[in-house]
>>> print(open('input12.cif').read())   # mmCIF, C-alpha atoms and all ligand atoms
data_my_file
loop_
_atom_site.label_atom_id
_atom_site.label_comp_id
_atom_site.auth_asym_id
_atom_site.auth_seq_id
_atom_site.Cartn_x
_atom_site.Cartn_y
_atom_site.Cartn_z
CA MET A 159 105.93 71.47 136.53
CA ARG A 160 105.89 75.27 136.79
CA LEU A 161 109.54 75.48 135.71
CA TYR A 162 108.69 73.27 132.76
CA LEU A 163 105.84 75.62 131.77
CA ILE A 164 108.06 78.69 132.05
CA PHE A 165 110.60 76.97 129.86
CA ILE A 166 107.96 76.25 127.23
CA ILE A 167 106.77 79.88 127.33
CA ILE A 168 110.34 81.15 126.93
CA PHE A 169 110.89 78.73 124.08
CA ILE A 170 107.70 79.81 122.28
CA THR A 171 108.63 83.48 122.75
CA PHE A 172 112.06 82.76 121.32
CA LEU A 173 110.53 80.94 118.38
CA THR A 174 108.06 83.70 117.50
CA THR A 175 110.63 86.51 117.83
CA SER A 176 113.20 84.62 115.78
CA CYS A 177 110.58 83.91 113.10
CA LYS A 178 109.81 87.64 112.91
CA GLN A 179 113.48 88.45 112.33
CA ALA A 180 114.04 89.18 108.67
CA ASP A 181 116.16 86.73 106.79
CA SER A 182 119.35 88.72 106.22
CA ASP A 183 120.56 85.98 103.89
CA TRP A 184 118.18 87.18 101.21
CA ILE A 185 120.67 89.95 100.35
CA ASP A 186 122.76 89.04 97.32
CA ARG A 187 126.22 89.98 98.57
CA SER A 188 127.95 89.12 95.32
CA ARG A 189 126.63 92.54 94.18
CA HIS A 190 128.83 94.32 96.72
CA GLU A 191 132.09 93.16 95.24
CA GLY A 192 134.52 96.06 94.74
CA LEU A 193 132.43 98.49 96.83
CA HIS A 194 133.42 100.06 100.16
CA LYS A 195 131.32 99.32 103.21
CA VAL A 196 130.16 102.56 104.79
CA ASN A 197 129.07 102.89 108.42
CA TYR A 198 126.50 105.67 108.17
CA SER A 199 123.59 103.67 109.57
CA GLU A 200 122.70 101.05 112.15
CA SER A 201 119.43 100.27 110.36
CA PHE A 202 120.71 98.79 107.09
CA GLU A 203 123.89 98.08 105.17
CA ILE A 204 125.50 100.72 102.98
CA TYR A 205 128.09 100.24 100.24
CA ALA A 206 129.57 102.87 97.96
CA THR A 207 132.04 103.38 95.14
CA GLU A 208 133.85 105.88 97.40
CA VAL A 209 135.36 105.39 100.86
CA ASN A 210 133.71 108.50 102.34
CA PRO A 211 130.76 109.28 100.08
CA GLN A 212 129.48 112.85 100.36
CA HIS A 213 125.95 114.26 100.38
CA ILE A 214 124.14 111.01 101.10
CA LYS A 215 123.37 111.52 104.78
CA ASN A 216 119.93 112.99 104.12
CA THR A 217 119.08 110.04 101.91
CA VAL A 218 120.25 107.68 104.64
CA ARG A 219 118.20 109.49 107.33
CA SER A 220 115.07 109.34 105.14
CA LEU A 221 115.60 105.65 104.46
CA GLU A 222 116.00 104.97 108.19
CA GLN A 223 112.72 106.71 108.92
CA ALA A 224 111.05 104.97 105.99
CA LYS A 225 112.28 101.59 107.25
CA THR A 226 110.77 102.28 110.68
CA TYR A 227 107.50 103.19 109.00
CA PHE A 228 107.41 100.21 106.59
CA ASP A 229 108.48 97.74 109.29
CA LYS A 230 105.47 98.85 111.30
CA VAL A 231 102.98 98.88 108.43
CA PHE A 232 104.10 95.51 107.00
CA ASP A 233 105.03 93.95 110.35
CA GLU A 234 108.56 93.13 109.22
CA ASN A 235 112.11 93.80 110.32
CA LEU A 236 113.57 93.96 106.84
CA THR A 237 117.28 93.77 106.20
CA PHE A 238 118.55 95.32 102.99
CA ALA A 239 121.57 97.03 101.47
CA VAL A 240 121.84 100.36 99.69
CA LEU A 241 124.53 100.73 97.03
CA PHE A 242 125.59 104.30 96.21
CA VAL A 243 127.22 104.14 92.80
CA ASP A 244 128.86 106.96 90.84
CA ASN A 245 128.45 107.54 87.10
CA PRO A 246 131.57 105.71 85.81
CA ASN A 247 130.74 102.51 87.74
CA TRP A 248 127.00 102.55 87.12
CA ASN A 249 126.74 99.74 84.59
CA THR A 250 128.74 97.36 86.80
CA TYR A 251 126.16 97.47 89.58
CA ALA A 252 122.86 98.61 88.06
CA PHE A 253 120.69 96.78 85.54
CA SER A 254 119.44 99.87 83.75
CA PRO A 255 121.04 103.08 82.49
CA PRO A 256 121.32 106.01 82.76
CA PRO A 257 123.53 106.51 85.85
CA GLY A 258 121.36 107.67 88.72
CA MET A 259 118.18 105.81 87.66
CA PRO A 260 117.22 104.36 91.07
CA GLN A 261 116.47 100.64 91.09
CA ALA A 262 115.71 97.74 93.39
CA HIS A 263 117.09 94.27 92.79
CA HIS A 264 115.07 91.18 93.66
CA GLN A 265 117.47 90.08 96.38
CA GLY A 266 117.74 92.81 98.98
CA ASN A 267 119.79 95.50 97.22
CA MET A 268 118.87 98.90 95.87
CA VAL A 269 121.16 101.00 93.71
CA LEU A 270 121.17 104.79 93.93
CA GLY A 271 123.29 107.46 92.27
CA LEU A 272 126.27 109.02 93.99
CA GLY A 273 127.47 112.57 93.37
CA ARG A 274 125.78 114.49 90.57
CA SER A 275 124.14 111.77 88.51
CA VAL A 276 123.83 111.78 84.73
CA LEU A 277 120.06 111.31 85.07
CA ALA A 278 119.60 114.37 87.29
CA MET A 279 121.95 116.56 85.24
CA ARG A 280 120.10 115.69 82.02
CA ALA A 281 116.78 116.59 83.62
CA GLU A 282 118.28 119.87 84.91
CA GLN A 283 119.35 120.69 81.35
CA GLY A 284 115.69 120.35 80.39
CA LEU A 285 114.74 122.88 83.06
CA LYS A 286 117.07 125.44 81.48
CA ARG A 287 114.59 125.77 78.60
CA VAL A 288 111.76 126.61 80.99
CA PRO A 289 111.06 130.31 81.69
CA ASP A 290 112.14 131.32 85.17
CA SER A 291 108.62 132.39 86.07
CA ARG A 292 107.47 128.78 85.88
CA LEU A 293 110.18 127.42 88.18
CA GLY A 294 108.95 129.24 91.28
CA VAL A 295 107.41 126.27 93.11
CA LEU A 296 110.41 124.06 92.34
CA LYS A 297 112.83 126.68 93.68
CA GLN A 298 110.70 127.04 96.79
CA HIS A 299 111.28 123.35 97.61
CA PHE A 300 114.66 122.58 95.98
CA GLY A 301 116.41 125.91 96.54
CA GLU A 302 117.63 128.44 94.00
CA GLU A 303 119.92 125.88 92.31
CA ILE A 304 117.53 123.05 91.49
CA ASN A 305 119.41 119.83 92.26
CA LEU A 306 117.33 116.96 90.90
CA ASP A 307 119.38 114.30 92.69
CA LEU A 308 117.20 115.38 95.59
CA PHE A 309 114.35 113.87 93.59
CA TYR A 310 115.95 110.91 91.81
CA ARG A 311 118.12 109.75 94.71
CA ASP A 312 116.47 111.02 97.90
CA ALA A 313 112.79 110.90 97.09
CA LEU A 314 112.76 107.86 94.80
CA SER A 315 114.85 105.81 97.25
CA LEU A 316 111.58 105.46 99.20
CA HIS A 317 109.94 103.96 96.11
CA GLU A 318 112.76 101.44 95.72
CA LEU A 319 112.56 100.51 99.38
CA GLY A 320 108.87 99.77 98.88
CA HIS A 321 109.83 97.37 96.06
CA LEU A 322 112.20 95.57 98.44
CA TYR A 323 109.38 94.98 100.96
CA GLN A 324 107.48 93.37 98.10
CA PHE A 325 110.34 91.36 96.58
CA TYR A 326 111.19 89.99 100.02
CA LYS A 327 107.87 88.14 99.86
CA THR A 328 107.36 87.58 96.14
CA GLY A 329 110.85 87.19 94.68
CA LYS A 330 110.83 87.78 90.94
CA GLY A 331 107.30 86.57 90.40
CA THR A 332 104.80 89.16 89.23
CA GLN A 333 101.39 89.10 87.56
CA ARG A 334 101.84 92.60 86.15
CA TYR A 335 104.67 95.14 86.11
CA TRP A 336 102.12 97.94 86.43
CA LEU A 337 100.92 96.57 89.76
CA ASN A 338 104.53 96.57 91.02
CA GLU A 339 105.04 100.13 89.88
CA PHE A 340 101.77 101.31 91.34
CA PHE A 341 102.85 99.70 94.63
CA GLY A 342 106.27 101.41 94.42
CA ASN A 343 104.55 104.77 94.03
CA LEU A 344 102.14 104.03 96.85
CA CYS A 345 105.06 103.23 99.17
CA GLN A 346 106.91 106.34 97.99
CA VAL A 347 103.97 108.64 98.78
CA ALA A 348 103.16 106.97 102.11
CA ALA A 349 106.75 106.91 103.40
CA ALA A 350 107.37 110.53 102.37
CA LYS A 351 104.18 111.59 104.16
CA ASN A 352 105.47 109.85 107.31
CA LEU A 353 108.99 111.31 107.44
CA ALA A 354 109.90 113.72 110.24
CA THR A 355 109.54 116.69 107.88
CA GLN A 356 107.58 117.20 104.65
CA ASP A 357 110.66 118.38 102.71
CA VAL A 358 111.09 115.17 100.72
CA PHE A 359 107.37 114.92 100.01
CA ASN A 360 107.21 118.54 98.85
CA ARG A 361 110.15 118.07 96.46
CA MET A 362 108.71 114.84 95.10
CA ASP A 363 105.27 116.29 94.66
CA SER A 364 106.31 119.63 93.20
CA TYR A 365 108.63 118.03 90.63
CA GLN A 366 106.14 115.32 89.68
CA LEU A 367 103.35 117.89 89.24
CA PHE A 368 105.72 120.17 87.34
CA LEU A 369 106.42 117.36 84.85
CA ILE A 370 102.73 116.55 84.49
CA ASN A 371 101.70 120.17 83.96
CA ALA A 372 104.61 120.94 81.62
CA ASP A 373 103.51 117.98 79.49
CA GLN A 374 106.81 117.97 77.59
CA TRP A 375 107.22 114.21 77.31
CA GLY A 376 108.03 114.33 73.64
CA GLU A 377 106.60 111.60 71.47
CA LEU A 378 105.27 108.76 73.60
CA ASN A 379 105.55 105.44 71.80
CA PHE A 380 103.80 103.56 74.59
CA LYS A 381 100.69 104.53 76.52
CA THR A 382 98.67 101.40 77.26
CA LEU A 383 99.06 99.00 80.16
CA LYS A 384 99.37 96.16 77.67
CA GLN A 385 102.43 97.84 76.17
CA PHE A 386 103.81 98.47 79.64
CA GLU A 387 103.67 94.71 80.26
CA GLU A 388 104.86 93.52 76.89
CA ASP A 389 107.56 96.11 76.22
CA TYR A 390 108.56 96.83 79.82
CA PHE A 391 112.32 96.99 79.24
CA GLU A 392 111.92 98.99 76.05
CA VAL A 393 109.75 101.52 77.94
CA LEU A 394 112.33 101.60 80.73
CA ILE A 395 115.11 102.43 78.27
CA GLN A 396 113.01 105.21 76.73
CA GLY A 397 113.36 107.21 79.94
CA GLN A 398 110.78 109.90 79.14
CA ASN A 399 108.13 107.33 78.31
CA TYR A 400 108.82 105.45 81.57
CA GLY A 401 108.64 108.77 83.43
CA TRP A 402 105.22 109.40 81.89
CA TYR A 403 103.89 106.03 83.11
CA GLN A 404 105.34 106.70 86.56
CA SER A 405 103.61 110.08 86.71
CA GLN A 406 100.25 108.36 86.04
CA PHE A 407 100.92 105.79 88.78
CA TYR A 408 102.01 108.58 91.11
CA LEU A 409 98.72 110.49 90.80
CA LYS A 410 96.70 107.34 91.44
CA ALA A 411 98.91 106.37 94.39
CA LYS A 412 98.52 109.79 95.96
CA GLU A 413 94.76 109.68 95.62
CA LEU A 414 94.46 106.16 97.03
CA TYR A 415 96.80 106.84 99.94
CA SER A 416 94.88 109.98 100.89
CA LYS A 417 91.62 107.99 100.81
CA PHE A 418 92.68 104.70 102.38
CA GLY A 419 95.85 105.38 104.39
CA ASP A 420 98.46 103.02 105.78
CA GLU A 421 96.23 99.98 105.90
CA PHE A 422 95.88 100.05 102.12
CA LEU A 423 99.65 99.50 101.69
CA ASN A 424 99.57 96.31 103.65
CA LYS A 425 96.41 95.13 101.92
CA PHE A 426 97.98 95.80 98.54
CA ARG A 427 101.18 93.97 99.40
CA ASP A 428 99.14 91.01 100.64
CA PHE A 429 97.35 91.06 97.29
CA LEU A 430 100.65 91.02 95.36
CA ILE A 431 101.79 88.09 97.49
CA ALA A 432 98.51 86.22 96.94
CA ILE A 433 98.55 86.61 93.14
CA ASN A 434 102.24 85.77 92.76
CA PRO A 435 102.43 83.54 89.66
CA ASP A 436 104.67 81.20 91.65
CA LYS A 437 101.49 80.33 93.56
CA VAL A 438 98.61 80.90 91.15
CA ASP A 439 98.23 80.75 87.38
CA ARG A 440 98.71 83.80 85.24
CA MET A 441 95.42 85.71 85.25
CA ASP A 442 93.81 87.45 82.32
CA ASN A 443 92.70 91.08 82.71
CA GLU A 444 89.08 90.17 83.43
CA GLU A 445 89.99 87.75 86.22
CA LEU A 446 92.41 90.23 87.69
CA LYS A 447 89.86 93.05 87.68
CA GLU A 448 87.23 90.87 89.30
CA LEU A 449 89.64 89.76 92.02
CA MET A 450 90.71 93.36 92.64
CA THR A 451 87.09 94.49 92.89
CA ASN A 452 86.36 91.73 95.40
CA THR A 453 89.51 92.51 97.39
CA PHE A 454 89.60 96.32 97.39
CA GLY A 455 86.15 97.42 96.27
CA LYS A 456 84.91 99.28 93.22
CA GLN A 457 86.17 102.71 94.32
CA VAL A 458 89.80 101.53 94.28
CA VAL A 459 89.41 99.77 90.93
CA ASP A 460 87.81 102.89 89.43
CA ILE A 461 90.76 105.04 90.52
CA LEU A 462 93.20 102.50 89.08
CA GLU A 463 91.29 102.42 85.78
CA TRP A 464 93.71 103.24 82.93
CA LYS A 465 92.38 105.97 80.66
CA HIS A 466 95.00 105.51 77.94
CA ASP A 467 94.21 101.99 76.81
CA ASN A 468 92.96 103.01 73.39
ZN ZN B 1 109.54 101.08 90.60
#
>>> encode(input="input12.cif", output="structure tokens")
Amino acid sequence: MRLYLIFIIIFITFLTTSCKQADSDWIDRSRHEGLHKVNYSESFEIYATEVNPQHIKNTVRSLEQAKTYFDKVFDENLTFAVLFVDNPNWNTYAFSPPPGMPQAHHQGNMVLGLGRSVLAMRAEQGLKRVPDSRLGVLKQHFGEEINLDLFYRDALSLHELGHLYQFYKTGKGTQRYWLNEFFGNLCQVAAAKNLATQDVFNRMDSYQLFLINADQWGELNFKTLKQFEEDYFEVLIQGQNYGWYQSQFYLKAKELYSKFGDEFLNKFRDFLIAINPDKVDRMDNEELKELMTNTFGKQVVDILEWKHDN
């Protein structure tokens, strides 16, 4: 009888641990075709357009630490793959230009730039028009030669990883793109705050605040959340305009993380899972706001309030 009981206990333990294992099959491996497998990490899979890709080890170390942090916060053991893709091969593997624009696919892959990306180099050109006296804080965190791949690849990889922890549970389904992007920013801020050093956070924060203060977005065709939903891919293509939306989400994410901490990430992901249109009907804005107020409280909803809707 006792042996029988022990067997049952072992079996139940096996069942619960195997259920907690992430489903590695969710990774779409057809996306890795033509790439080289790179053994820089034990924590996740890496593929690249080069056999021995250079200058990605810091990104890999940050992602490893971020995975440890997210696994704990979301109670997962997520498997995923990171694709480092150079400029000439970008359009083969990524769904949106320009080369270096970090992105997460719905099935377990994220794509990051490799080498000096077109996106970062364009942004660096923009910095050349800024008087040296205003670049002080950036140079303090990026070094004398401001390399913006440290922002677009290193820092934003944490944002894309956050998306993967969502997509793992929701697939493609989403009530609102803006909720996804707010969540991406929340994950980005939280993971960066929890890395071994604050270097990545300081670069992310100084560059984001620099962009906000410089206020050189050019003409913004889109500013409302309604436009963000209805013209999402158009906004995405108009890089500056997408950057402007992201900067708004970033400020809100930073405020909410500082007020509500790690627990808020998990609560927010649970909310995204619960309102997945695969499970519930599409909600109108009033319904959504009411549900968010009931779930998170008025303080959170007030911070998320969009001031550019008119
Ligand atoms: Zn995003």
>>> residues_near_ligand(input="input12.cif", ligand="ligand ZN 1 (chain B)", cutoff="8 Å", atoms="all atoms listed in the file", output="PyMOL selection string")
chain A and resi 261-262+317-318+321+338-343
>>> closest_residue(input="input12.cif", among="A:Tyr251, A:Met362, A:Asp290, A:Leu353", to="Leu306 in chain A", atoms="only C-alpha atoms")
A:Met362
>>> closest_residue(input="input12.cif", among="A:Leu221, A:Ala252, A:Ala278, A:Ala372", to="Arg292 in chain A", atoms="all atoms listed in the file")
A:Ala372
>>> axis_aligned_box(input="input12.cif", around="range 209-216 of chain A", padding_each_side="4 Å", output="AutoDock Vina command-line options")
--center_x 127.6 --center_y 109.8 --center_z 102.4 --size_x 23.4 --size_y 16.9 --size_z 12.7
>>> residues_around(input="input12.cif", residues="Ala348 in chain A", least_positions_apart="2", cutoff="8 Å", atoms="only C-alpha atoms", output="list in words")
Leu344, Cys345, Gln346, Ala350, Lys351, Asn352, Tyr415, Gly419 and Asp420 of chain A
>>> closest_atom_pairs(input="input12.cif", of="range 188-269 of chain A", to="range 425-432 of chain A", cutoff="12 Å", atoms="only C-alpha atoms", output="tab-separated table")
residue	atom	partner	partner_atom	distance
A:Phe228	CA	A:Arg427	CA	11.4
A:Val231	CA	A:Lys425	CA	10.0
A:Phe232	CA	A:Arg427	CA	8.3
A:Asp233	CA	A:Arg427	CA	11.6
>>> residues_around(input="input12.cif", residues="Gly329 in chain A", least_positions_apart="5", cutoff="8 Å", atoms="only C-alpha atoms", output="list in words")
His264, Gln265 and Gln324 of chain A
